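Structure file run.cif (mmCIF, C-alpha atoms) is printed below.
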data_input
#
loop_
_atom_site.label_atom_id
_atom_site.label_comp_id
_atom_site.auth_asym_id
_atom_site.auth_seq_id
_atom_site.Cartn_x
_atom_site.Cartn_y
_atom_site.Cartn_z
CA MET C 171 -38.10 -151.22 -56.29
CA GLU C 172 -39.57 -152.10 -52.90
CA THR C 173 -36.75 -150.48 -50.95
CA ASP C 174 -36.70 -147.60 -53.42
CA GLY C 175 -40.29 -146.80 -52.64
CA LYS C 176 -39.61 -146.76 -48.93
CA ARG C 177 -36.63 -144.51 -49.47
CA THR C 178 -38.71 -141.95 -51.32
CA ASP C 179 -41.29 -141.95 -48.57
CA GLY C 180 -38.56 -141.37 -46.00
CA ASN C 181 -37.20 -138.50 -48.06
CA GLY C 182 -40.67 -137.12 -48.42
CA THR C 183 -41.07 -136.31 -44.74
CA ASN C 184 -37.51 -134.99 -44.47
CA ARG C 185 -38.12 -132.84 -47.47
CA LYS C 186 -41.21 -131.24 -46.06
CA GLU C 187 -39.32 -130.33 -42.93
CA ALA C 188 -36.45 -129.01 -45.00
CA GLU C 189 -38.79 -126.87 -47.06
CA ARG C 190 -40.02 -125.11 -43.99
CA LYS C 191 -36.51 -124.38 -42.79
CA ILE C 192 -34.80 -123.33 -46.00
CA ALA C 193 -35.33 -119.78 -47.22
CA SER C 194 -36.47 -119.15 -50.78
CA PRO C 195 -33.76 -119.53 -53.41
CA THR C 196 -31.47 -116.54 -53.93
CA PHE C 197 -29.63 -115.50 -57.11
CA ALA C 198 -26.27 -116.39 -55.55
CA GLY C 199 -27.62 -119.69 -54.23
CA ILE C 200 -28.90 -120.79 -57.62
CA LEU C 201 -25.68 -119.64 -59.32
CA TRP C 202 -23.58 -121.59 -56.84
CA SER C 203 -25.67 -124.76 -57.18
CA PHE C 204 -25.25 -124.83 -60.94
CA LEU C 205 -21.59 -123.78 -60.86
CA LYS C 206 -21.02 -126.80 -58.64
CA LEU C 207 -23.05 -129.17 -60.81
CA ALA C 208 -21.92 -128.17 -64.31
CA PRO C 209 -18.34 -129.48 -64.18
CA ILE C 210 -19.54 -133.03 -63.53
CA SER C 211 -21.94 -133.20 -66.50
CA PHE C 212 -19.59 -135.46 -68.45
CA GLY C 213 -21.26 -137.27 -71.30
CA GLY C 214 -24.06 -134.80 -71.87
CA GLY C 215 -26.86 -133.46 -69.73
CA TYR C 216 -28.57 -136.72 -68.74
CA ALA C 217 -25.58 -137.72 -66.63
CA ILE C 218 -26.15 -134.66 -64.45
CA PHE C 219 -29.69 -135.68 -63.45
CA PRO C 220 -28.78 -137.74 -60.36
CA ALA C 221 -26.57 -134.96 -58.96
CA LEU C 222 -29.20 -132.35 -59.84
CA GLU C 223 -31.79 -134.37 -57.99
CA LYS C 224 -29.57 -134.63 -54.91
CA GLU C 225 -28.87 -130.90 -54.94
CA MET C 226 -32.38 -129.61 -55.67
CA ILE C 227 -34.39 -132.02 -53.54
CA ALA C 228 -32.18 -133.38 -50.76
CA ASN C 229 -29.66 -130.59 -50.19
CA ARG C 230 -31.61 -127.46 -50.99
CA GLY C 231 -35.20 -128.60 -50.66
CA TRP C 232 -36.18 -126.22 -53.45
CA MET C 233 -38.30 -128.71 -55.41
CA ASP C 234 -40.07 -132.00 -55.00
CA ASP C 235 -39.78 -135.15 -57.12
CA ARG C 236 -42.64 -134.29 -59.43
CA GLU C 237 -41.64 -130.71 -60.09
CA LEU C 238 -38.14 -131.84 -60.95
CA ALA C 239 -39.31 -134.70 -63.19
CA GLU C 240 -41.58 -132.25 -65.02
CA SER C 241 -38.77 -129.73 -65.54
CA LEU C 242 -36.36 -132.41 -66.73
CA SER C 243 -38.86 -133.82 -69.22
CA LEU C 244 -39.41 -130.36 -70.65
CA ALA C 245 -35.64 -129.84 -70.83
CA ALA C 246 -35.22 -133.05 -72.79
CA ALA C 247 -38.05 -132.15 -75.17
CA ALA C 248 -36.72 -128.65 -76.01
CA PRO C 249 -33.91 -128.31 -78.54
CA GLY C 250 -30.36 -127.85 -77.35
CA GLY C 251 -28.29 -129.43 -74.61
CA VAL C 252 -30.44 -131.11 -71.99
CA GLY C 253 -28.26 -129.86 -69.14
CA VAL C 254 -28.36 -126.23 -70.25
CA ASN C 255 -32.12 -126.38 -70.84
CA ALA C 256 -32.65 -127.98 -67.45
CA ALA C 257 -30.65 -125.17 -65.85
CA PHE C 258 -32.77 -122.47 -67.52
CA LEU C 259 -36.05 -124.19 -66.69
CA ILE C 260 -35.24 -124.96 -63.08
CA GLY C 261 -33.76 -121.50 -62.56
CA TYR C 262 -36.89 -119.90 -63.98
CA ARG C 263 -39.10 -122.07 -61.85
CA LEU C 264 -37.19 -121.12 -58.70
CA LYS C 265 -36.80 -117.39 -59.21
CA GLY C 266 -38.20 -116.19 -62.52
CA ILE C 267 -36.00 -114.59 -65.18
CA TRP C 268 -33.16 -113.86 -62.77
CA GLY C 269 -33.19 -117.43 -61.56
CA ALA C 270 -32.88 -118.58 -65.17
CA VAL C 271 -29.98 -116.16 -65.75
CA ALA C 272 -28.15 -117.36 -62.62
CA ALA C 273 -28.63 -121.04 -63.50
CA GLY C 274 -27.66 -120.44 -67.14
CA ILE C 275 -24.42 -118.68 -66.21
CA GLY C 276 -23.67 -121.39 -63.68
CA ALA C 277 -24.26 -124.14 -66.23
CA ILE C 278 -22.38 -122.63 -69.18
CA VAL C 279 -19.30 -120.81 -67.84
CA PRO C 280 -17.50 -123.71 -66.09
CA THR C 281 -17.96 -126.16 -68.97
CA PHE C 282 -16.84 -123.52 -71.48
CA ALA C 283 -13.64 -122.93 -69.50
CA ILE C 284 -13.03 -126.64 -69.00
CA VAL C 285 -13.47 -127.50 -72.71
CA LEU C 286 -11.03 -124.84 -73.84
CA GLY C 287 -8.58 -125.76 -71.08
CA LEU C 288 -8.73 -129.46 -71.95
CA PHE C 289 -8.35 -128.69 -75.65
CA LEU C 290 -5.18 -126.68 -74.98
CA ILE C 291 -3.75 -129.46 -72.79
CA TYR C 292 -4.71 -132.08 -75.36
CA GLN C 293 -3.02 -130.10 -78.15
CA ARG C 294 0.24 -129.96 -76.19
CA THR C 295 0.45 -133.43 -74.71
CA GLY C 296 -1.34 -135.57 -77.27
CA ASP C 297 -2.99 -138.65 -75.79
CA SER C 298 -1.46 -141.35 -73.62
CA PRO C 299 -2.93 -144.87 -73.53
CA LYS C 300 -3.53 -144.60 -69.77
CA VAL C 301 -5.58 -141.42 -70.17
CA ARG C 302 -7.59 -143.10 -72.92
CA ALA C 303 -8.22 -146.15 -70.73
CA ALA C 304 -9.37 -143.96 -67.84
CA LEU C 305 -11.75 -142.11 -70.16
CA GLY C 306 -13.04 -145.46 -71.42
CA GLY C 307 -13.86 -146.34 -67.83
CA VAL C 308 -15.60 -143.02 -67.29
CA THR C 309 -17.90 -143.78 -70.22
CA TRP C 310 -19.34 -146.74 -68.29
CA GLY C 311 -19.67 -144.62 -65.17
CA ILE C 312 -21.68 -142.15 -67.24
CA VAL C 313 -23.80 -145.00 -68.62
CA THR C 314 -24.65 -145.90 -65.01
CA LEU C 315 -25.65 -142.34 -64.14
CA ILE C 316 -27.83 -142.03 -67.25
CA LEU C 317 -29.53 -145.37 -66.55
CA PHE C 318 -30.34 -144.08 -63.09
CA ALA C 319 -31.81 -140.90 -64.60
CA ALA C 320 -33.94 -143.06 -66.93
CA LEU C 321 -35.26 -145.00 -63.95
CA ARG C 322 -36.20 -141.84 -62.08
CA ILE C 323 -37.96 -140.22 -65.03
CA GLY C 324 -39.49 -143.55 -65.99
CA ARG C 325 -41.03 -143.99 -62.57
CA SER C 326 -43.04 -140.81 -62.97
CA ALA C 327 -43.66 -141.44 -66.68
CA ILE C 328 -44.94 -145.00 -66.76
CA HIS C 329 -48.02 -145.65 -64.71
CA ASP C 330 -50.18 -147.86 -66.93
CA LYS C 331 -50.02 -150.22 -69.90
CA PHE C 332 -50.49 -147.41 -72.37
CA THR C 333 -47.50 -145.35 -71.24
CA ALA C 334 -45.36 -148.50 -71.01
CA GLY C 335 -46.32 -149.39 -74.58
CA LEU C 336 -45.61 -145.87 -75.76
CA MET C 337 -42.15 -145.98 -74.18
CA LEU C 338 -41.31 -149.32 -75.84
CA ALA C 339 -42.65 -148.15 -79.20
CA ALA C 340 -40.58 -144.95 -78.98
CA LEU C 341 -37.49 -146.97 -78.12
CA ALA C 342 -38.09 -149.28 -81.10
CA CYS C 343 -38.48 -146.26 -83.40
CA LEU C 344 -35.23 -144.74 -82.11
CA LEU C 345 -33.38 -148.02 -82.67
CA ALA C 346 -34.82 -148.08 -86.19
CA GLY C 347 -33.26 -144.67 -86.80
CA LEU C 348 -36.25 -142.32 -86.61
CA PRO C 349 -35.24 -138.74 -85.67
CA PRO C 350 -36.01 -137.87 -82.00
CA LEU C 351 -37.95 -134.76 -83.04
CA TYR C 352 -40.68 -136.81 -84.73
CA LEU C 353 -41.03 -138.97 -81.64
CA ILE C 354 -41.29 -136.00 -79.30
CA VAL C 355 -44.02 -134.39 -81.40
CA GLY C 356 -45.74 -137.74 -82.03
CA GLY C 357 -45.58 -138.78 -78.40
CA ALA C 358 -47.03 -135.47 -77.25
CA LEU C 359 -49.92 -135.70 -79.73
CA ILE C 360 -50.67 -139.35 -78.98
CA GLY C 361 -50.55 -138.65 -75.25
CA ILE C 362 -52.92 -135.70 -75.54
CA ALA C 363 -55.35 -137.71 -77.66
CA ALA C 364 -55.26 -140.76 -75.38
CA ALA C 365 -55.57 -138.80 -72.14
CA TRP C 366 -58.37 -136.69 -73.60
CA THR C 367 -60.48 -139.66 -74.72
CA ARG C 368 -59.87 -141.43 -71.43
CA ASP C 369 -60.91 -138.37 -69.44
CA ARG C 370 -64.09 -138.04 -71.52
CA LYS C 371 -64.96 -141.65 -70.91
CA ARG C 372 -64.35 -141.21 -67.22
CA ASP C 373 -66.51 -138.10 -67.14
CA ASP C 374 -69.45 -140.11 -68.53
CA HIS C 375 -69.36 -142.43 -65.55
CA LYS C 376 -68.39 -140.01 -62.83
CA PRO C 377 -69.37 -136.39 -63.23
CA ALA C 378 -67.14 -135.40 -60.31
CA SER C 379 -63.91 -136.69 -61.86
CA PRO C 380 -60.67 -136.14 -59.97
CA MET C 381 -59.73 -133.78 -62.79
CA THR C 382 -62.20 -131.15 -61.73
CA GLY C 383 -61.60 -131.41 -58.00
CA ARG C 384 -57.94 -130.69 -58.41
CA ALA C 385 -57.52 -126.99 -57.70
CA VAL C 386 -56.06 -127.48 -54.24
CA GLY C 387 -53.19 -125.13 -53.56
CA GLY C 388 -50.46 -124.30 -56.03
CA ASP C 389 -49.17 -127.83 -56.45
CA THR C 390 -48.72 -128.44 -60.15
CA SER C 391 -48.31 -132.19 -59.87
CA TYR C 392 -49.93 -134.52 -62.33
CA MET C 393 -53.31 -136.13 -62.09
CA TYR C 394 -51.98 -139.36 -63.49
CA TYR C 395 -50.51 -140.64 -60.27
CA ILE C 396 -52.91 -143.42 -59.45
CA MET V 174 -16.96 -114.28 -87.53
CA GLY V 175 -20.43 -113.47 -88.88
CA THR V 176 -20.41 -116.71 -90.90
CA LEU V 177 -19.39 -118.61 -87.79
CA PHE V 178 -22.24 -117.13 -85.75
CA LEU V 179 -24.88 -117.67 -88.42
CA PHE V 180 -23.79 -121.25 -89.03
CA PHE V 181 -24.02 -122.18 -85.35
CA LEU V 182 -27.26 -120.24 -84.94
CA ARG V 183 -28.76 -122.35 -87.70
CA LEU V 184 -27.54 -125.53 -86.01
CA GLY V 185 -28.95 -124.37 -82.70
CA PHE V 186 -32.47 -124.56 -84.07
CA VAL V 187 -32.19 -128.23 -85.00
CA SER V 188 -30.23 -129.58 -82.04
CA PHE V 189 -33.01 -131.70 -80.56
CA GLY V 190 -32.11 -134.54 -78.26
CA GLY V 191 -28.61 -133.69 -77.07
CA GLY V 192 -26.86 -132.71 -80.27
CA TYR V 193 -24.98 -135.86 -81.29
CA ALA V 194 -26.59 -135.45 -84.70
CA LEU V 195 -24.83 -132.12 -85.19
CA ILE V 196 -21.31 -133.57 -85.29
CA PRO V 197 -21.36 -134.59 -88.98
CA MET V 198 -22.90 -131.22 -89.92
CA ILE V 199 -20.14 -129.30 -88.12
CA GLU V 200 -17.56 -131.57 -89.76
CA GLN V 201 -18.88 -130.86 -93.26
CA GLU V 202 -19.02 -127.11 -92.71
CA SER V 203 -15.51 -127.06 -91.20
CA ALA V 204 -14.14 -128.81 -94.26
CA ARG V 205 -16.04 -126.53 -96.63
CA GLN V 206 -15.00 -123.31 -94.92
CA GLY V 207 -11.46 -124.56 -94.25
CA TRP V 208 -11.85 -123.97 -90.51
CA MET V 209 -10.08 -127.16 -89.47
CA THR V 210 -8.32 -130.15 -91.00
CA GLN V 211 -9.92 -133.59 -90.71
CA ASP V 212 -7.34 -134.65 -88.13
CA ALA V 213 -7.76 -131.56 -85.99
CA PHE V 214 -11.52 -132.07 -86.13
CA LEU V 215 -11.31 -135.66 -84.86
CA ASN V 216 -9.18 -134.49 -81.94
CA ALA V 217 -11.70 -131.75 -81.28
CA VAL V 218 -14.54 -134.30 -81.16
CA THR V 219 -12.61 -136.42 -78.64
CA VAL V 220 -11.98 -133.44 -76.38
CA ALA V 221 -15.59 -132.25 -76.74
CA GLY V 222 -16.81 -135.74 -75.80
CA MET V 223 -14.71 -136.04 -72.67
CA SER V 224 -15.54 -132.56 -71.41
CA PRO V 225 -18.58 -131.87 -69.29
CA GLY V 226 -21.57 -130.30 -70.99
CA PRO V 227 -23.34 -130.98 -74.28
CA ILE V 228 -20.97 -132.30 -76.93
CA ALA V 229 -22.24 -129.99 -79.70
CA VAL V 230 -21.72 -126.87 -77.60
CA ASN V 231 -18.25 -128.08 -76.60
CA LEU V 232 -17.39 -128.76 -80.22
CA GLY V 233 -18.68 -125.31 -81.15
CA SER V 234 -16.41 -123.61 -78.63
CA ILE V 235 -13.38 -125.51 -79.92
CA VAL V 236 -14.13 -124.77 -83.58
CA GLY V 237 -14.79 -121.13 -82.70
CA TYR V 238 -11.59 -120.93 -80.69
CA ARG V 239 -9.52 -122.43 -83.50
CA THR V 240 -10.82 -119.95 -86.03
CA ASN V 241 -11.24 -116.71 -84.04
CA GLY V 242 -9.79 -117.20 -80.56
CA ILE V 243 -11.83 -116.62 -77.43
CA ALA V 244 -14.21 -114.26 -79.24
CA GLY V 245 -14.89 -116.96 -81.83
CA ALA V 246 -15.59 -119.50 -79.11
CA ILE V 247 -18.07 -117.16 -77.40
CA VAL V 248 -19.78 -116.35 -80.69
CA ALA V 249 -20.16 -120.04 -81.60
CA VAL V 250 -21.56 -120.99 -78.21
CA ALA V 251 -23.95 -118.02 -78.23
CA GLY V 252 -25.18 -119.09 -81.68
CA LEU V 253 -25.78 -122.64 -80.51
CA ILE V 254 -27.50 -121.76 -77.26
CA LEU V 255 -29.64 -118.79 -78.32
CA PRO V 256 -32.25 -120.81 -80.25
CA SER V 257 -32.71 -123.28 -77.43
CA ILE V 258 -33.14 -120.40 -74.95
CA LEU V 259 -35.80 -118.89 -77.19
CA MET V 260 -37.65 -122.15 -77.72
CA THR V 261 -37.39 -123.17 -74.09
CA ALA V 262 -38.73 -119.74 -73.16
CA ALA V 263 -41.64 -120.24 -75.55
CA LEU V 264 -42.38 -123.58 -73.91
CA LEU V 265 -42.18 -121.92 -70.51
CA LEU V 266 -44.67 -119.25 -71.50
CA LEU V 267 -46.98 -121.92 -72.74
CA ILE V 268 -46.69 -124.02 -69.61
CA TYR V 269 -46.34 -121.63 -66.70
CA ARG V 270 -48.06 -118.48 -67.92
CA LEU V 271 -51.20 -120.05 -69.36
CA ARG V 272 -51.52 -122.55 -66.53
CA LYS V 273 -53.85 -124.79 -68.48
CA GLN V 274 -52.97 -127.55 -66.07
CA LEU V 275 -55.27 -130.13 -67.57
CA TRP V 276 -53.67 -129.84 -71.01
CA ILE V 277 -50.20 -129.83 -69.54
CA ASP V 278 -50.99 -133.06 -67.73
CA ARG V 279 -52.20 -134.56 -71.00
CA LEU V 280 -49.10 -133.33 -72.83
CA PHE V 281 -46.79 -134.87 -70.25
CA TYR V 282 -48.74 -138.10 -70.30
CA GLY V 283 -47.36 -138.86 -73.77
CA LEU V 284 -44.17 -136.82 -73.62
CA GLN V 285 -42.61 -138.44 -70.58
CA PRO V 286 -42.56 -142.02 -71.92
CA VAL V 287 -40.87 -140.73 -75.10
CA VAL V 288 -38.30 -138.85 -73.03
CA THR V 289 -37.63 -142.02 -71.04
CA ALA V 290 -37.04 -143.84 -74.34
CA LEU V 291 -34.67 -141.04 -75.47
CA ILE V 292 -32.61 -141.38 -72.32
CA LEU V 293 -32.41 -145.16 -72.66
CA PHE V 294 -31.39 -144.64 -76.29
CA ALA V 295 -28.57 -142.31 -75.16
CA VAL V 296 -27.34 -145.15 -72.92
CA TYR V 297 -27.47 -147.53 -75.86
CA ARG V 298 -25.53 -145.17 -78.15
CA LEU V 299 -22.89 -144.49 -75.55
CA GLY V 300 -22.47 -148.19 -74.79
CA ILE V 301 -22.34 -149.23 -78.45
CA GLY V 302 -19.79 -146.50 -79.17
CA ARG V 303 -17.65 -147.81 -76.35
CA LEU V 304 -17.94 -151.46 -77.41
CA GLY V 305 -16.43 -150.46 -80.76
CA HIS V 306 -13.07 -149.89 -79.03
CA GLY V 307 -10.94 -153.04 -79.13
CA ALA V 308 -12.11 -156.41 -77.79
CA TRP V 309 -15.81 -155.95 -77.22
CA GLY V 310 -16.27 -159.00 -75.00
CA GLY V 311 -13.87 -157.62 -72.41
CA GLN V 312 -15.37 -154.15 -72.79
CA LEU V 313 -18.88 -155.50 -72.24
CA LEU V 314 -17.84 -157.45 -69.14
CA PHE V 315 -16.06 -154.40 -67.76
CA GLY V 316 -19.04 -152.20 -68.54
CA LEU V 317 -21.53 -154.52 -66.83
CA VAL V 318 -19.34 -154.74 -63.72
CA ILE V 319 -19.05 -150.93 -63.55
CA ILE V 320 -22.81 -150.51 -64.04
CA GLY V 321 -23.50 -153.07 -61.31
CA LEU V 322 -21.08 -151.60 -58.79
CA GLY V 323 -22.02 -148.03 -59.72
CA TRP V 324 -25.70 -148.86 -59.26
CA VAL V 325 -25.04 -150.23 -55.77
CA MET V 326 -23.00 -147.13 -54.88
CA LEU V 327 -25.72 -144.84 -56.19
CA VAL V 328 -28.90 -146.54 -55.02
CA ARG V 329 -27.88 -148.49 -51.93
CA TYR V 330 -25.23 -146.20 -50.44
CA ARG V 331 -26.51 -142.98 -52.02
CA MET V 332 -22.99 -141.85 -52.92
CA HIS V 333 -22.42 -138.66 -54.85
CA PRO V 334 -22.43 -139.25 -58.64
CA ILE V 335 -18.93 -137.73 -58.99
CA LEU V 336 -17.58 -140.63 -56.88
CA ILE V 337 -18.92 -143.08 -59.46
CA LEU V 338 -17.12 -141.19 -62.24
CA ILE V 339 -13.86 -141.16 -60.27
CA PHE V 340 -14.22 -144.86 -59.47
CA SER V 341 -14.89 -145.72 -63.10
CA ALA V 342 -11.89 -143.66 -64.25
CA ILE V 343 -9.56 -145.52 -61.87
CA ALA V 344 -11.05 -148.88 -62.87
CA GLY V 345 -10.63 -147.96 -66.53
CA ALA V 346 -6.98 -146.99 -66.08
CA ALA V 347 -6.36 -150.23 -64.20
CA PHE V 348 -8.20 -152.75 -66.39
CA LEU V 349 -8.75 -151.30 -69.85
CA THR V 350 -6.12 -150.96 -72.52
#
As structure tokens, the full file:
Amino acid sequence: METDGKRTDGNGTNRKEAERKIASPTFAGILWSFLKLAPISFGGGYAIFPALEKEMIANRGWMDDRELAESLSLAAAAPGGVGVNAAFLIGYRLKGIWGAVAAGIGAIVPTFAIVLGLFLIYQRTGDSPKVRAALGGVTWGIVTLILFAALRIGRSAIHDKFTAGLMLAALACLLAGLPPLYLIVGGALIGIAAAWTRDRKRDDHKPASPMTGRAVGGDTSYMYYI
Amino acid sequence: MGTLFLFFLRLGFVSFGGGYALIPMIEQESARQGWMTQDAFLNAVTVAGMSPGPIAVNLGSIVGYRTNGIAGAIVAVAGLILPSILMTAALLLLIYRLRKQLWIDRLFYGLQPVVTALILFAVYRLGIGRLGHGAWGGQLLFGLVIIGLGWVMLVRYRMHPILILIFSAIAGAAFLT
């Protein structure tokens, strides 16, 4: 954690420099980024998060940590494949409707072609034990990537006892077999209620709460980074 | 082809959280409509699982392809994706057009921990599914070693994620049966 924090800080300064240098995202640029990323999203969209982070933040400098974490949370909360949703959301954020179209095409076309190609190969050759063993190994590689994604999202999600408790409670409910939809709706409502009451309490003590003094620039980052 | 589209459109509206829950629904409908045999369906699930992209969308393209060729595959994928585009767009309008930043912050305050739990749950499901194959003790040991080494590659050496997948494939071919 300690070294992680330092790493982010180091990236932070690099990123700001990069942002100044790199031109605003183009249609072709967004398309290419997602074309490149989509074929490695084995095991569902979450596995793509680390590569997406590397591409969007380190390579392209199009987004910062918080913007990306926000987009990815939204993508996971919307119905459908997380990877495809993330592509649409990030594309829209970068370049409006056309950005979303570019990212969507980039995310869908390669995987579509690969699935059908693999299915045709599979139908002809059947399955060898070696191929199965290799795929078994890949599953654990994917588990690693998804764990990493959980850490990254978790770091921006959990900043006090309440959010930590909410995360553990949600995990317990999932293990008990509750459908994810209920948890997403429930979590959103509980979060709104808790944050609202807390803000009200804070306002009683300090009229000039950080909430009201926030309108500095277009940065849409959260107020809950304390 | 109309039935195919409508069926997948309907599924698209309920595919929250990655779409693993859709597999049994697609299986039932395939059997009912006579789209695929049980055996062909199991093969299709395997291929869908090992392909990149969301498993439900992959499965949709295979089922569509089996019944109506390329056109069927496109129709099935369009049906599955359209609802999520619409709902994601609705969310976008809510979030970026209204710009009620305070309420968005409050929404995310509760939403993000739940999303973190969902991602951890996906790890759990994937791992449990894998442990079901053969000797689970050996599988677990192998899995923990891969996670440990992969973590070092990812966090300490900042390697590209694809390298971790390639490494785990080679390790799997070498040590798993």
### Task
Can you turn the PyMOL selection byres ((chain V and resi 285) around 9) into a concrete residue list for this file, as a PyMOL selection string?
(chain C and resi 239-240+243-244+323-324+326-328+333+337+357-358) or (chain V and resi 280-284+286-290)
### Task
Do a neighbour search on Leu341 of chain C at 12 Å with only C-alpha atoms, toss out local chain neighbours closer than 6 positions, and write the hits as a list in words.
Ala334, Gly335, Gly347, Leu348, Pro349, Pro350, Leu353, Ile354 and Gly357 of chain C; Pro286, Val287, Val288, Thr289, Ala290, Leu291, Ile292, Leu293, Phe294, Ala295, Val296 and Tyr297 of chain V
### Query
Pick the closest to Met233 of chain C from C:Ser194, C:Thr281, C:Asn255, C:Thr367: which is it, counting all atoms listed in the file?
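For Met233 of chain C, the nearest of the given residues is C:Ser194.
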Just say which residues the PyMOL selection byres ((chain V and resi 338-344) around 12) picks in this file, as a CSV table (one decimal) with C-alpha atoms, keeping the file's coordinate frame.
chain,number,residue,atom,x,y,z
C,209,PRO,CA,-18.3,-129.5,-64.2
C,210,ILE,CA,-19.5,-133.0,-63.5
C,211,SER,CA,-21.9,-133.2,-66.5
C,212,PHE,CA,-19.6,-135.5,-68.4
C,213,GLY,CA,-21.3,-137.3,-71.3
C,217,ALA,CA,-25.6,-137.7,-66.6
C,218,ILE,CA,-26.2,-134.7,-64.4
C,221,ALA,CA,-26.6,-135.0,-59.0
C,300,LYS,CA,-3.5,-144.6,-69.8
C,301,VAL,CA,-5.6,-141.4,-70.2
C,302,ARG,CA,-7.6,-143.1,-72.9
C,303,ALA,CA,-8.2,-146.2,-70.7
C,304,ALA,CA,-9.4,-144.0,-67.8
C,305,LEU,CA,-11.8,-142.1,-70.2
C,306,GLY,CA,-13.0,-145.5,-71.4
C,307,GLY,CA,-13.9,-146.3,-67.8
C,308,VAL,CA,-15.6,-143.0,-67.3
C,309,THR,CA,-17.9,-143.8,-70.2
C,310,TRP,CA,-19.3,-146.7,-68.3
C,311,GLY,CA,-19.7,-144.6,-65.2
C,312,ILE,CA,-21.7,-142.2,-67.2
C,313,VAL,CA,-23.8,-145.0,-68.6
C,314,THR,CA,-24.6,-145.9,-65.0
C,315,LEU,CA,-25.6,-142.3,-64.1
C,316,ILE,CA,-27.8,-142.0,-67.2
V,223,MET,CA,-14.7,-136.0,-72.7
V,225,PRO,CA,-18.6,-131.9,-69.3
V,315,PHE,CA,-16.1,-154.4,-67.8
V,316,GLY,CA,-19.0,-152.2,-68.5
V,317,LEU,CA,-21.5,-154.5,-66.8
V,318,VAL,CA,-19.3,-154.7,-63.7
V,319,ILE,CA,-19.0,-150.9,-63.6
V,320,ILE,CA,-22.8,-150.5,-64.0
V,321,GLY,CA,-23.5,-153.1,-61.3
V,322,LEU,CA,-21.1,-151.6,-58.8
V,323,GLY,CA,-22.0,-148.0,-59.7
V,324,TRP,CA,-25.7,-148.9,-59.3
V,326,MET,CA,-23.0,-147.1,-54.9
V,327,LEU,CA,-25.7,-144.8,-56.2
V,332,MET,CA,-23.0,-141.8,-52.9
V,333,HIS,CA,-22.4,-138.7,-54.8
V,334,PRO,CA,-22.4,-139.2,-58.6
V,335,ILE,CA,-18.9,-137.7,-59.0
V,336,LEU,CA,-17.6,-140.6,-56.9
V,337,ILE,CA,-18.9,-143.1,-59.5
V,345,GLY,CA,-10.6,-148.0,-66.5
V,346,ALA,CA,-7.0,-147.0,-66.1
V,347,ALA,CA,-6.4,-150.2,-64.2
V,348,PHE,CA,-8.2,-152.8,-66.4
V,349,LEU,CA,-8.8,-151.3,-69.8
V,350,THR,CA,-6.1,-151.0,-72.5
### Task
Choose the residue, out of C:Val279, C:Ala228, C:Leu207, C:Leu317, that has the smallest atom-to-atom separation from Leu299 of chain V; count all atoms listed in the file.
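So, comparing all the options, the nearest one is C:Leu317.
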### Query
What does the distance from atom CA of Leu259 of chain V to atom CA of Arg239 of chain V come to in Å, to one decimal?
27.3 Å
### Message
Quick check on the file I pasted: which residues fall under the PyMOL selection byres ((chain V and resi 180-187) around 12)? Write them as a count of residues only.
### Response
53
